[in-house]
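Below is query23.tsv, holding TSV, C-alpha atoms and all ligand atoms.
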```
chain	number	residue	atom	x	y	z
C	4	MET	CA	-0.67	82.93	68.88
C	5	GLU	CA	-3.33	84.81	67.00
C	6	THR	CA	-0.72	85.87	64.42
C	7	PHE	CA	0.45	82.28	63.99
C	8	THR	CA	-3.11	81.01	63.46
C	9	ARG	CA	-3.79	83.63	60.85
C	10	GLN	CA	-0.60	82.78	58.95
C	11	ALA	CA	-1.30	79.07	59.10
C	12	GLN	CA	-4.62	79.51	57.31
C	13	LEU	CA	-4.41	79.12	53.57
C	14	PRO	CA	-6.14	81.70	51.42
C	15	THR	CA	-9.45	80.52	50.00
C	16	GLU	CA	-8.13	80.98	46.47
C	17	LEU	CA	-5.28	78.56	47.13
C	18	LEU	CA	-7.59	76.08	48.84
C	19	ARG	CA	-9.84	76.24	45.79
C	20	GLN	CA	-6.93	75.26	43.55
C	21	ILE	CA	-5.99	72.38	45.85
C	22	VAL	CA	-9.54	71.05	45.93
C	23	LEU	CA	-9.89	71.37	42.13
C	24	GLU	CA	-6.59	69.56	41.72
C	25	TYR	CA	-7.75	66.80	44.04
C	26	VAL	CA	-11.03	66.31	42.19
C	27	SER	CA	-9.33	66.42	38.79
C	28	THR	CA	-7.01	63.54	39.74
C	29	TYR	CA	-10.01	61.36	38.96
C	30	ASP	CA	-9.79	62.44	35.30
C	31	GLU	CA	-7.60	59.38	34.78
C	32	GLY	CA	-10.80	57.38	35.21
C	33	ARG	CA	-12.16	58.90	32.01
C	34	LYS	CA	-9.90	56.64	29.98
C	35	PHE	CA	-12.00	53.69	31.09
C	36	GLU	CA	-15.34	55.41	31.11
C	37	GLU	CA	-18.45	53.74	29.77
C	38	PRO	CA	-21.04	55.62	27.73
C	39	ARG	CA	-24.21	56.40	29.67
C	40	HIS	CA	-22.35	56.27	33.00
C	41	SER	CA	-21.10	59.25	34.97
C	42	TYR	CA	-17.36	59.90	34.73
C	43	LYS	CA	-17.36	62.19	37.78
C	44	PRO	CA	-15.34	61.22	40.85
C	45	PRO	CA	-17.41	59.13	43.26
C	46	TRP	CA	-19.23	61.17	45.89
C	47	SER	CA	-17.54	59.10	48.57
C	48	SER	CA	-14.21	60.66	47.57
C	49	VAL	CA	-15.50	64.21	47.98
C	50	GLU	CA	-17.88	63.88	50.92
C	51	PRO	CA	-15.16	63.93	53.66
C	52	LEU	CA	-14.08	67.35	52.42
C	53	THR	CA	-17.61	68.67	52.75
C	54	LEU	CA	-17.58	67.68	56.43
C	55	ALA	CA	-14.21	69.24	57.31
C	56	SER	CA	-15.16	72.91	57.44
C	57	LYS	CA	-17.62	75.40	56.05
C	58	VAL	CA	-15.10	76.76	53.55
C	59	LEU	CA	-14.02	73.31	52.38
C	60	ARG	CA	-17.64	72.24	52.03
C	61	GLN	CA	-18.28	75.16	49.70
C	62	LEU	CA	-15.15	74.50	47.65
C	63	ALA	CA	-15.72	70.75	47.44
C	64	LEU	CA	-19.30	71.16	46.23
C	65	GLU	CA	-18.17	73.76	43.74
C	66	ALA	CA	-15.51	71.42	42.35
C	67	TRP	CA	-17.74	68.35	42.28
C	68	PHE	CA	-20.56	70.12	40.47
C	69	GLU	CA	-18.26	71.57	37.85
C	70	VAL	CA	-19.55	68.57	35.89
C	71	TYR	CA	-23.27	67.89	36.28
C	72	TYR	CA	-24.56	64.45	35.24
C	73	VAL	CA	-28.24	64.27	34.29
C	74	ARG	CA	-30.51	61.58	32.91
C	75	THR	CA	-33.67	63.54	32.15
C	76	PRO	CA	-34.54	67.13	31.16
C	77	ASP	CA	-36.31	67.42	34.54
C	78	ASP	CA	-32.95	67.09	36.32
C	79	LEU	CA	-31.92	70.42	34.79
C	80	LEU	CA	-35.00	72.20	36.06
C	81	HIS	CA	-34.30	71.12	39.64
C	82	ALA	CA	-30.67	72.29	39.69
C	83	TRP	CA	-29.53	74.35	42.68
C	84	PRO	CA	-29.22	78.10	42.05
C	85	GLU	CA	-25.45	77.84	42.66
C	86	PHE	CA	-25.06	75.71	39.55
C	87	GLU	CA	-25.28	78.88	37.52
C	88	LEU	CA	-21.78	79.64	38.80
C	89	TRP	CA	-20.37	76.18	39.40
C	90	THR	CA	-21.29	74.02	36.43
C	91	LYS	CA	-19.11	74.28	33.34
C	92	GLU	CA	-19.83	70.86	31.87
C	93	LEU	CA	-23.15	69.08	31.39
C	94	HIS	CA	-23.26	65.33	30.80
C	95	CYS	CA	-26.71	64.39	29.49
C	96	VAL	CA	-27.92	60.84	28.91
C	97	GLU	CA	-30.71	60.73	26.35
C	98	LEU	CA	-32.20	57.29	25.86
C	99	GLY	CA	-35.15	58.35	23.70
C	100	THR	CA	-35.84	57.92	20.01
C	101	ASP	CA	-36.40	60.49	17.31
C	102	LEU	CA	-39.20	58.33	15.94
C	103	ARG	CA	-41.25	59.89	18.74
C	104	ILE	CA	-39.76	63.23	19.78
C	105	LEU	CA	-41.23	64.59	22.99
C	106	PRO	CA	-41.99	68.33	23.02
C	107	VAL	CA	-39.56	68.79	25.91
C	108	GLN	CA	-36.25	70.57	25.51
C	109	TRP	CA	-33.13	70.00	27.56
C	110	ASP	CA	-33.23	73.47	29.12
C	111	PHE	CA	-29.82	74.99	29.92
C	112	ARG	CA	-31.35	78.15	31.43
C	113	ALA	CA	-29.74	77.59	34.85
C	114	PHE	CA	-26.21	77.10	33.48
C	115	HIS	CA	-24.72	80.42	32.49
C	116	ARG	CA	-21.10	79.25	32.65
C	117	LEU	CA	-21.54	76.19	30.47
C	118	ARG	CA	-18.47	75.44	28.35
C	119	LYS	CA	-18.83	71.77	27.49
C	120	LEU	CA	-21.77	69.56	26.63
C	121	ARG	CA	-21.59	65.79	26.44
C	122	ILE	CA	-24.55	63.80	25.14
C	123	ASP	CA	-24.78	60.01	25.39
C	124	PHE	CA	-27.43	58.44	23.18
C	125	ASP	CA	-28.82	54.92	23.20
C	126	PRO	CA	-27.17	53.07	20.27
C	127	MET	CA	-30.25	50.82	20.00
C	128	GLN	CA	-32.46	53.79	19.09
C	129	SER	CA	-32.73	56.00	16.04
C	130	ASN	CA	-31.66	59.26	17.67
C	131	ALA	CA	-29.85	61.77	15.43
C	132	MET	CA	-32.75	64.20	15.19
C	133	LEU	CA	-32.92	64.42	19.00
C	134	LEU	CA	-29.99	66.82	18.68
C	135	MET	CA	-32.63	69.46	18.05
C	136	ARG	CA	-33.58	69.26	21.75
C	137	PHE	CA	-30.19	70.50	22.98
C	138	ASP	CA	-30.01	74.11	21.86
C	139	HIS	CA	-32.23	75.88	24.38
C	140	PRO	CA	-31.85	78.69	25.22
C	141	ARG	CA	-29.81	79.76	22.22
C	142	HIS	CA	-27.60	82.27	24.04
C	143	ILE	CA	-26.29	79.53	26.33
C	144	ALA	CA	-25.99	76.84	23.63
C	145	SER	CA	-24.04	79.31	21.54
C	146	GLN	CA	-21.38	79.78	24.23
C	147	ILE	CA	-20.54	76.05	24.42
C	148	GLN	CA	-16.99	75.44	23.23
C	149	GLU	CA	-16.73	71.67	23.37
C	150	LEU	CA	-19.30	69.11	22.27
C	151	GLU	CA	-18.88	65.37	22.72
C	152	ILE	CA	-21.51	62.93	21.47
C	153	TYR	CA	-21.61	59.18	22.00
C	154	ASP	CA	-23.55	56.72	19.87
C	155	ILE	CA	-25.38	58.92	17.48
C	156	SER	CA	-27.25	56.37	15.38
C	157	TRP	CA	-26.82	58.00	12.01
C	158	PRO	CA	-23.77	60.31	11.80
C	159	SER	CA	-24.78	61.82	8.47
C	160	PRO	CA	-24.15	65.38	7.25
C	161	MET	CA	-27.67	66.20	8.45
C	162	ALA	CA	-26.56	65.61	12.05
C	163	ILE	CA	-23.45	67.70	11.44
C	164	HIS	CA	-25.67	70.48	10.10
C	165	LEU	CA	-27.79	70.39	13.27
C	166	ILE	CA	-24.64	70.58	15.40
C	167	ALA	CA	-23.18	73.53	13.48
C	168	ASP	CA	-26.48	75.37	13.66
C	169	ALA	CA	-26.99	74.87	17.41
C	170	PHE	CA	-23.41	75.43	18.64
C	171	PRO	CA	-21.80	78.19	16.54
C	172	ARG	CA	-18.81	78.78	18.87
C	173	LEU	CA	-17.51	75.23	19.09
C	174	ARG	CA	-13.75	74.82	19.34
C	175	THR	CA	-13.75	71.05	19.79
C	176	LEU	CA	-16.12	68.44	18.39
C	177	LYS	CA	-15.91	64.76	19.33
C	178	LEU	CA	-18.15	62.06	17.89
C	179	SER	CA	-17.95	58.42	18.92
C	180	GLN	CA	-20.15	55.71	17.42
C	181	ASP	CA	-20.05	52.45	15.49
C	182	LEU	CA	-20.93	53.72	12.01
C	183	MET	CA	-19.27	56.26	9.77
C	184	TRP	CA	-20.49	58.31	6.87
C	185	CYS	CA	-19.11	57.12	3.51
C	186	ASN	CA	-18.77	60.05	1.17
C	187	LEU	CA	-18.75	57.79	-1.88
C	188	CYS	CA	-22.09	56.01	-1.46
C	189	ASN	CA	-23.57	58.55	1.01
C	190	ILE	CA	-24.59	55.88	3.47
C	191	CYS	CA	-23.55	55.37	7.07
C	192	ARG	CA	-21.57	52.14	7.16
C	193	PHE	CA	-19.62	49.95	9.51
C	194	SER	CA	-15.95	50.18	8.53
C	195	THR	CA	-13.96	47.06	7.78
C	196	PHE	CA	-10.24	46.78	7.05
C	197	ARG	CA	-7.80	44.04	6.08
C	198	ASP	CA	-6.03	44.29	9.42
C	199	HIS	CA	-6.21	46.35	12.58
C	200	PRO	CA	-5.76	50.08	11.89
C	201	PRO	CA	-3.52	52.20	14.12
C	202	GLU	CA	-5.16	53.41	17.31
C	203	GLU	CA	-5.24	56.91	15.93
C	204	ILE	CA	-4.71	58.71	12.64
C	205	THR	CA	-4.10	62.46	12.84
C	206	TYR	CA	-4.58	64.85	9.97
C	207	ASP	CA	-3.05	68.27	10.40
C	208	LYS	CA	-1.96	69.21	6.91
C	209	SER	CA	-5.05	67.93	5.09
C	210	VAL	CA	-8.67	68.37	6.07
C	211	GLY	CA	-9.27	64.78	7.22
C	212	LEU	CA	-13.07	65.05	7.13
C	213	PRO	CA	-15.67	63.59	4.79
C	214	SER	CA	-16.31	66.46	2.38
C	215	HIS	CA	-19.93	66.99	3.46
C	216	TYR	CA	-18.73	67.23	7.07
C	217	ALA	CA	-16.20	69.89	6.05
C	218	THR	CA	-18.94	71.80	4.22
C	219	TYR	CA	-21.39	71.82	7.12
C	220	LEU	CA	-18.72	72.58	9.72
C	221	ARG	CA	-17.34	75.55	7.78
C	222	PRO	CA	-19.65	78.08	9.52
C	223	LEU	CA	-17.95	77.14	12.81
C	224	ILE	CA	-15.24	79.75	12.55
C	225	LYS	CA	-13.64	78.86	15.91
C	226	LEU	CA	-13.55	75.08	15.39
C	227	GLU	CA	-9.99	73.84	15.93
C	228	ASP	CA	-10.16	70.13	16.72
C	229	VAL	CA	-12.37	67.28	15.56
C	230	VAL	CA	-12.06	63.78	17.00
C	231	LEU	CA	-13.98	60.97	15.29
C	232	THR	CA	-14.02	57.59	17.03
C	233	VAL	CA	-15.54	54.78	14.96
C	234	GLY	CA	-16.09	51.05	15.29
C	235	TYR	CA	-14.37	48.70	12.85
C	236	GLY	CA	-14.18	45.06	11.93
C	237	LEU	CA	-11.80	42.87	9.96
C	238	GLY	CA	-12.35	41.27	6.56
C	239	GLY	CA	-12.05	44.38	4.39
C	240	SER	CA	-9.70	44.87	1.44
C	241	TYR	CA	-7.78	47.94	2.57
C	242	SER	CA	-5.18	48.33	5.25
C	243	LEU	CA	-4.48	51.54	7.13
C	244	SER	CA	-1.80	49.99	9.31
C	245	GLU	CA	1.26	50.65	7.14
C	246	ASN	CA	0.41	53.79	5.26
C	247	ASN	CA	-2.64	55.88	4.56
C	248	GLY	CA	-2.07	56.91	0.95
C	249	ILE	CA	-5.81	57.29	0.37
C	250	LEU	CA	-6.14	59.78	3.27
C	251	TRP	CA	-9.01	57.66	4.56
C	252	THR	CA	-11.95	59.69	5.77
C	253	GLY	CA	-14.70	57.14	6.31
C	254	GLU	CA	-14.99	55.47	2.90
C	255	CYS	CA	-16.62	52.07	3.23
C	256	ASP	CA	-14.84	48.94	2.13
C	257	ALA	CA	-17.33	48.17	-0.66
C	258	CYS	CA	-16.77	51.59	-2.26
C	259	MET	CA	-12.99	51.44	-1.93
C	260	ASP	CA	-12.96	47.94	-3.36
C	261	MET	CA	-15.14	48.83	-6.33
C	262	MET	CA	-13.98	52.35	-7.17
C	263	PHE	CA	-10.31	52.56	-6.21
C	264	SER	CA	-9.19	49.67	-8.39
C	265	VAL	CA	-10.24	51.16	-11.72
C	266	GLY	CA	-8.70	53.99	-13.75
C	267	ASP	CA	-7.59	57.25	-12.14
C	268	PHE	CA	-10.51	57.53	-9.77
C	269	ARG	CA	-8.48	56.86	-6.65
C	270	GLN	CA	-5.86	59.48	-7.52
C	271	ASP	CA	-8.52	62.06	-8.42
C	272	TRP	CA	-10.39	61.36	-5.19
C	273	VAL	CA	-7.29	61.82	-3.05
C	274	GLU	CA	-6.35	65.03	-4.90
C	275	LYS	CA	-9.84	66.35	-4.31
C	276	LYS	CA	-9.38	65.76	-0.57
C	277	LYS	CA	-6.16	67.76	-0.55
C	278	THR	CA	-7.81	70.82	-2.04
C	279	MET	CA	-11.03	70.67	-0.04
C	280	MET	CA	-12.19	73.82	1.80
C	281	ARG	CA	-11.86	73.51	5.56
C	282	PRO	CA	-13.42	75.26	8.54
C	283	PRO	CA	-11.22	78.37	8.83
C	284	SER	CA	-9.61	77.65	12.24
C	285	LEU	CA	-9.34	73.87	11.90
C	286	LYS	CA	-5.99	72.54	13.17
C	287	THR	CA	-6.34	68.78	13.54
C	288	VAL	CA	-8.74	65.98	12.76
C	289	LYS	CA	-8.16	62.74	14.64
C	290	TRP	CA	-9.68	59.38	13.78
C	291	ARG	CA	-9.70	56.77	16.52
C	292	PHE	CA	-10.68	53.15	16.07
C	293	ARG	CA	-12.29	50.61	18.36
C	294	TYR	CA	-12.68	46.99	17.34
C	295	LYS	CA	-16.25	45.70	17.27
C	296	ASN	CA	-17.98	42.49	16.20
C	297	VAL	CA	-20.18	43.37	13.24
C	298	LEU	CA	-22.98	41.25	14.73
C	299	ASP	CA	-23.20	43.73	17.62
C	300	VAL	CA	-23.61	46.77	15.38
C	301	VAL	CA	-27.10	48.24	15.09
C	302	VAL	CA	-28.02	49.55	11.63
C	303	ASP	CA	-31.31	51.30	10.97
C	304	LEU	CA	-32.24	50.13	7.48
C	305	ASP	CA	-35.17	52.56	7.10
C	306	GLU	CA	-32.89	55.52	7.70
C	307	ASP	CA	-30.40	53.98	5.35
C	308	GLU	CA	-32.87	54.12	2.48
C	309	ASP	CA	-34.14	57.61	3.35
C	310	GLU	CA	-30.65	58.99	3.53
C	311	VAL	CA	-29.68	57.63	0.15
C	312	ALA	CA	-32.69	59.29	-1.44
C	313	GLN	CA	-32.04	62.52	0.44
C	314	THR	CA	-28.43	62.97	-0.50
C	315	ALA	CA	-28.00	61.25	-3.83
C	316	ASP	CA	-28.30	64.52	-5.71
C	317	GLU	CA	-25.59	66.29	-3.73
C	318	SER	CA	-23.10	63.46	-3.72
C	319	ASP	CA	-19.50	64.57	-4.09
C	320	ALA	CA	-18.85	61.31	-5.85
C	321	GLY	CA	-21.20	62.61	-8.53
C	322	ASN	CA	-18.66	65.32	-9.35
C	323	LEU	CA	-16.09	62.76	-10.34
C	324	THR	CA	-16.11	60.05	-12.97
C	325	ILE	CA	-17.00	56.92	-11.09
C	326	PRO	CA	-15.84	53.69	-12.66
C	327	GLY	CA	-18.82	51.72	-13.81
C	328	SER	CA	-21.11	54.75	-14.04
C	329	ASP	CA	-22.80	55.69	-17.31
C	330	GLU	CA	-21.20	59.12	-17.52
T	1	ZN	ZN	-19.47	53.61	0.54
```

Would you mind writing the file's structure down as structure tokens?
Ligand SMILES: [Zn+2]
Amino acid sequence: METFTRQAQLPTELLRQIVLEYVSTYDEGRKFEEPRHSYKPPWSSVEPLTLASKVLRQLALEAWFEVYYVRTPDDLLHAWPEFELWTKELHCVELGTDLRILPVQWDFRAFHRLRKLRIDFDPMQSNAMLLMRFDHPRHIASQIQELEIYDISWPSPMAIHLIADAFPRLRTLKLSQDLMWCNLCNICRFSTFRDHPPEEITYDKSVGLPSHYATYLRPLIKLEDVVLTVGYGLGGSYSLSENNGILWTGECDACMDMMFSVGDFRQDWVEKKKTMMRPPSLKTVKWRFRYKNVLDVVVDLDEDEDEVAQTADESDAGNLTIPGSDE
């Protein structure tokens, strides 16, 4: 009888895999996730396991806290000691504004196995510079391999520079927000097209990034995948639904309308994209589109003006002959 009981017990390692598998079945829910809400399985689905036995309690807690959802920097300071081993993914909700940056860092000191960081910002706030609060301590930030950011208010090359500086070992970068950086006018714009674009455009043989993005991401020597999800509306002049001959990488409708219709500019611009330097390990860049009413899009006009002044001198468009320019 004793022999039978011993054989009937599953090894802890196998139980761990079963529990992880069980918890991960809730990953399907991530397809319908909302920014600023936890995408973890509900506690009610895990709690019965924690009551079944001492071993299952340990394994269930370990699996459930593999992702840790926090809403303030204080939540990180009060993490259990075990999180150092359990937590591989931090999901931080930051509702502040960079117009008044608090001298408080999001402190990852207790999370030595961190592999992924997700940050959800408040789209109603100017927030891009708050990225500077997510790189402490450096030795932990620098081991993060995947970064996902929702609703950065101003996805300019400056934000990309902050990301590349703080997270040098990134393999995957995902940005999702309403606006996109236009590399022709150097302003963050809401994209509009003539009709609905495909759900996803994948670039694997060309760079697929705005050129300033490619420049600032180049120091990330391990970066393999970039996913850019942007809002869009209808009423523009260009269509991406049938073909993508312009290798669209965020150009706004006003720029495409004005510049692509005259002379050889369009052809030169596309050729320039094909020969652009890329981050050395980059494999794919994916653009995903979500329809949005333009009236619901928040645009910070002050930043708009600052950014134009800041980047006008380093515009890539300035290296080409722009129709209508004096040169
Ligand atoms: Zn533009």

Original post:
Looking at C:Pro200, C:Pro283, C:Pro14, C:Pro126, which one is nearest to C:Val300, with distances taken over all atoms listed in the file?
Top reply: C:Pro126

**OP:** Please extract the residues at most 12 Å from ligand ZN 1 (chain T), counting all atoms listed in the file, and provide them as a VMD selection string, using the chain letters and residue numbers of this document.
**Re:** chain C and resid 182 to 195 213 251 to 263 307 311 318 to 320

**OP:** Using all atoms listed in the file, determine which residues lie at most 10 Å from stretch 172-174 of chain C, disregarding the query and same-chain residues fewer than 4 positions distant; provide the list as a VMD selection string.
**Re:** chain C and resid 118 to 119 144 to 150 166 to 168 220 222 to 229 284 to 285

Original post:
Using only C-alpha atoms, which residue out of C:Ser264, C:Glu37, C:Asp123, C:Arg60 lies closest to C:Val73?
Top reply: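 So, comparing all the options, the nearest one is C:Asp123.
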
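Proximity ranking of C:Tyr219, C:Trp67, C:Trp46, C:Phe124 relative to C:Val26 places C:Trp67 first, based on only C-alpha atoms.
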
Original post:
Which residue, C:Glu69, C:Asp110, C:Glu24, C:Glu245, has the smallest gap to C:Lys91 when you use all atoms listed in the file?
Top reply: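 The closest residue to C:Lys91 is C:Glu69.
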
Original post:
At what distance in Å, to one decimal, does atom CA of C:Asp154 lie from atom CA of C:Ser240?
Top reply: 25.9 Å
